[in-house]
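**Q** Can you keep this structure in mind? I'll have questions shortly.
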Amino acid sequence: MDYSSLDKHSSEQLFLQIRRMVLRAIRVQELLPRQRVPSVNELSKNLGVSRMTVRLALQALIEEGWLFTVPGKGTFVAERPHIEQNLQTLKGWTEEIRSQGMHPTTRLISVDTLAADRTMARYLKIEVGESVTRIVRVRYADDFPLSVEKAHLVLARFPDIGQIIQRTQTSLYSVLRNTYGLNPTRAVQFIEAGEADQAVAGLLELMPGSPVLISERITYAAGEDPLEYVYGMTRPGFVRYKTELSAASPTVRQIIVPLDSPADIDRTVN
């Protein structure tokens, strides 16, 4: 574990810093399920803090389900379930993570305007070259970076949405509902494997070239008006996707997928 991140001059309590330090080691798989974590004495010595402070940190992780104790043997990493996203239900990030007992946060990276390429024009039902607002954000669960998302919205339909997001730092779906009176009702989503470039790797605390899950989602309001096109890159190993399959014949819905979709999208973070 990286002990250098402990800041004894910080206003944040020491036991909370230690909790986050151990949790990060679990998240990046430095500490694996059923592996013994350093003892109270080891952590106390390496960090230069009291054993009581270490006990508070470990107890918090035990109560949260990240660790468990075996009498006479020590404290171990628990088998922690993945974040599970149901592909049959449309939820915003904040709602999804809260529903699974975790604390969601979002870091806004940038808001800019760009000209729609052919793929974005098809997805958003606009002309090539029309102005699109791009909102780049990093999504966190319990202070751990899980995904980078780039949301694209038509500037003419939502002229102030970039400024609203920058000013309020609120959920995009909340802004669509409360400011524009539009309720996301369905989405079409594609998921494939990919690699993290240098910018994405830095934001997700990965090595460049590390595997990521790439998703593309087109979200709609009532009717067939697209609200947004989202290009996302997610850490593998922490999120699993759930869907339900049926042998019954589904209702037929025509989905037009542009043949040039992956190649034309600007995948850079900034």
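Chains: A, B, ... in order of the structure tokens. Residues: from 1 per chain. Ligands: from 1, in order shown.
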Pick out the residues sitting within 9 Å of A:Thr219, and hand them over as JSON, numbers by chain; count only C-alpha atoms, and ignore anything fewer than 2 positions along from it in its own chain.
**A** {"A": [90, 184, 185, 186, 187, 188, 189, 217, 221, 225, 226, 227, 228, 229, 230]}
**Q** Take the residues just selected and output them with N, CA and C atoms as an mmCIF file, in the first residue's frame.
**A**
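Below is the file that was written, selection.cif:
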```cif
data_model
loop_
_atom_site.group_PDB
_atom_site.id
_atom_site.type_symbol
_atom_site.label_atom_id
_atom_site.label_comp_id
_atom_site.auth_asym_id
_atom_site.auth_seq_id
_atom_site.Cartn_x
_atom_site.Cartn_y
_atom_site.Cartn_z
ATOM 1 N N LEU A 90 -33.349 2.421 -17.307
ATOM 2 C CA LEU A 90 -32.629 3.663 -17.579
ATOM 3 C C LEU A 90 -32.557 4.486 -16.298
ATOM 4 N N PRO A 184 -36.029 11.686 -19.624
ATOM 5 C CA PRO A 184 -35.466 10.542 -20.351
ATOM 6 C C PRO A 184 -36.321 9.302 -20.147
ATOM 7 N N THR A 185 -36.743 8.675 -21.240
ATOM 8 C CA THR A 185 -37.650 7.532 -21.137
ATOM 9 C C THR A 185 -37.044 6.229 -21.625
ATOM 10 N N ARG A 186 -36.096 6.286 -22.535
ATOM 11 C CA ARG A 186 -35.468 5.070 -23.030
ATOM 12 C C ARG A 186 -34.107 5.404 -23.629
ATOM 13 N N ALA A 187 -33.305 4.364 -23.863
ATOM 14 C CA ALA A 187 -31.990 4.571 -24.459
ATOM 15 C C ALA A 187 -31.586 3.340 -25.249
ATOM 16 N N VAL A 188 -30.767 3.555 -26.258
ATOM 17 C CA VAL A 188 -30.120 2.481 -26.998
ATOM 18 C C VAL A 188 -28.648 2.518 -26.622
ATOM 19 N N GLN A 189 -28.083 1.366 -26.228
ATOM 20 C CA GLN A 189 -26.701 1.356 -25.735
ATOM 21 C C GLN A 189 -25.909 0.230 -26.379
ATOM 22 N N ARG A 217 -24.256 5.462 -25.874
ATOM 23 C CA ARG A 217 -25.674 5.470 -25.509
ATOM 24 C C ARG A 217 -26.373 6.667 -26.139
ATOM 25 N N ALA A 221 -36.256 11.178 -25.143
ATOM 26 C CA ALA A 221 -37.422 11.599 -24.367
ATOM 27 C C ALA A 221 -38.636 10.897 -24.967
ATOM 28 N N ASP A 225 -37.407 11.861 -30.026
ATOM 29 C CA ASP A 225 -36.432 12.952 -29.990
ATOM 30 C C ASP A 225 -35.230 12.557 -29.133
ATOM 31 N N PRO A 226 -34.023 12.487 -29.710
ATOM 32 C CA PRO A 226 -32.851 12.157 -28.906
ATOM 33 C C PRO A 226 -32.448 13.325 -28.012
ATOM 34 N N LEU A 227 -32.167 13.023 -26.743
ATOM 35 C CA LEU A 227 -31.736 14.048 -25.801
ATOM 36 C C LEU A 227 -30.219 14.200 -25.795
ATOM 37 N N GLU A 228 -29.515 13.077 -25.825
ATOM 38 C CA GLU A 228 -28.057 13.115 -25.692
ATOM 39 C C GLU A 228 -27.437 11.901 -26.353
ATOM 40 N N TYR A 229 -26.176 12.064 -26.707
ATOM 41 C CA TYR A 229 -25.342 10.941 -27.121
ATOM 42 C C TYR A 229 -24.172 10.913 -26.142
ATOM 43 N N VAL A 230 -23.940 9.751 -25.507
ATOM 44 C CA VAL A 230 -22.887 9.630 -24.492
ATOM 45 C C VAL A 230 -21.875 8.585 -24.923
#
```
**Q** Stretch 133-193 of chain A: which residues are alpha helix (DSSP H) by DSSP, as a PyMOL selection string?
**A** chain A and resi 161-168+172-178
**Q** Just N, CA and C atoms for this one: save the residues we selected as a tab-separated table (two decimals), in the first residue's frame.
**A**
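For reference, again-v6.tsv as written:
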```tsv
chain	number	residue	atom	x	y	z
A	161	ILE	N	-27.24	24.68	-21.32
A	161	ILE	CA	-27.04	23.52	-20.45
A	161	ILE	C	-25.60	23.40	-19.96
A	162	GLY	N	-24.64	23.79	-20.79
A	162	GLY	CA	-23.26	23.75	-20.36
A	162	GLY	C	-23.00	24.66	-19.17
A	163	GLN	N	-23.54	25.88	-19.25
A	163	GLN	CA	-23.36	26.84	-18.16
A	163	GLN	C	-24.08	26.38	-16.89
A	164	ILE	N	-25.26	25.75	-17.06
A	164	ILE	CA	-26.00	25.26	-15.90
A	164	ILE	C	-25.22	24.17	-15.19
A	165	ILE	N	-24.66	23.24	-15.96
A	165	ILE	CA	-23.88	22.15	-15.38
A	165	ILE	C	-22.65	22.69	-14.67
A	166	GLN	N	-21.98	23.68	-15.29
A	166	GLN	CA	-20.79	24.27	-14.67
A	166	GLN	C	-21.14	25.00	-13.38
A	167	ARG	N	-22.28	25.67	-13.36
A	167	ARG	CA	-22.66	26.48	-12.21
A	167	ARG	C	-23.20	25.63	-11.06
A	168	THR	N	-24.00	24.63	-11.39
A	168	THR	CA	-24.70	23.88	-10.34
A	168	THR	C	-24.04	22.56	-9.99
A	172	LEU	N	-27.15	15.71	-14.85
A	172	LEU	CA	-27.63	16.14	-16.17
A	172	LEU	C	-29.10	15.79	-16.36
A	173	TYR	N	-29.50	14.60	-15.91
A	173	TYR	CA	-30.90	14.22	-16.05
A	173	TYR	C	-31.80	15.14	-15.22
A	174	SER	N	-31.33	15.59	-14.06
A	174	SER	CA	-32.12	16.52	-13.25
A	174	SER	C	-32.30	17.84	-13.99
A	175	VAL	N	-31.24	18.30	-14.65
A	175	VAL	CA	-31.34	19.55	-15.42
A	175	VAL	C	-32.33	19.38	-16.57
A	176	LEU	N	-32.26	18.26	-17.26
A	176	LEU	CA	-33.19	18.03	-18.37
A	176	LEU	C	-34.63	18.02	-17.89
A	177	ARG	N	-34.86	17.40	-16.72
A	177	ARG	CA	-36.22	17.34	-16.19
A	177	ARG	C	-36.69	18.69	-15.65
A	178	ASN	N	-35.88	19.30	-14.80
A	178	ASN	CA	-36.31	20.47	-14.05
A	178	ASN	C	-36.21	21.77	-14.83
```
**Q** Go through A:Val239, A:Ile18, A:Ile26, A:Ala141 one by one, measure the shortest atom-to-atom distance of each to A:Arg51 using only C-alpha atoms, and give the residue with the smallest value.
**A** A:Ile18
**Q** Let me make sure I understand: among A:Pro38, A:Gly202, A:Gly232, A:Gly48, which one has the smallest atom-to-atom distance to A:Leu67 if we use only C-alpha atoms?
**A** A:Pro38
**Q** For A:Lys91, which residue out of A:Asn183, A:Glu130, A:Glu79, A:Tyr140 is the nearest one, using only C-alpha atoms?
**A**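 Nearest candidate to A:Lys91 out of A:Asn183, A:Glu130, A:Glu79, A:Tyr140: A:Asn183.
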**Q** Near A:Val28, counting only C-alpha atoms, which residues have an atom at most 12 Å away, once you skip same-chain residues fewer than 6 positions from it, shown as a list in words?
**A** Met1, Asp2, Met21, Val22, Phe144, Pro145, Leu146, Leu204, Glu205, Leu206, Met207, Arg235, Pro236, Gly237 and Phe238 of chain A
**Q** Using only C-alpha atoms, can you tell me which of A:Ser210, A:Ser99, A:Ser147, A:Thr75 comes closest to A:Gln35?
**A**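 Going through A:Ser210, A:Ser99, A:Ser147, A:Thr75 one by one, the smallest distance to A:Gln35 is for A:Thr75.
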**Q** Let me make sure I understand: among A:Glu224, A:Glu195, A:Ile83, A:Asp112, which one has the smallest atom-to-atom distance to A:Gln100 if we use only C-alpha atoms?
**A**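 The shortest atom-to-atom distance to A:Gln100 comes from A:Ile83.
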**Q** Which residue is closest to A:Arg107? Choose from A:Leu203, A:Glu30, A:Ser44, A:Ile191 and count only C-alpha atoms.
**A**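 Closest residue, counting only C-alpha atoms: A:Leu203.
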**Q** When you look at A:Ile62 with a cut-off of 10 Å (counting only C-alpha atoms), what residues show up, excluding the ones that are within fewer than 6 positions of it in the same chain? I need them as a PyMOL selection string.
**A** chain A and resi 56+68-69+75-78
**Q** Would you return as a ChimeraX atom specification the members of stretch 60-262 of chain A that DSSP assigns to strand (DSSP E) on this structure's backbone?
**A** /A:67-70,74-77,83-86,104-115,131-141,144-154,186-195,211-220,226-234,239-242
**Q** Using Å and a single decimal, report how far atom CA of A:Val148 sits from atom CA of A:Val136.
**A**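 If I compute the distance from atom CA of A:Val136 to atom CA of A:Val148, I get 7.2 Å.
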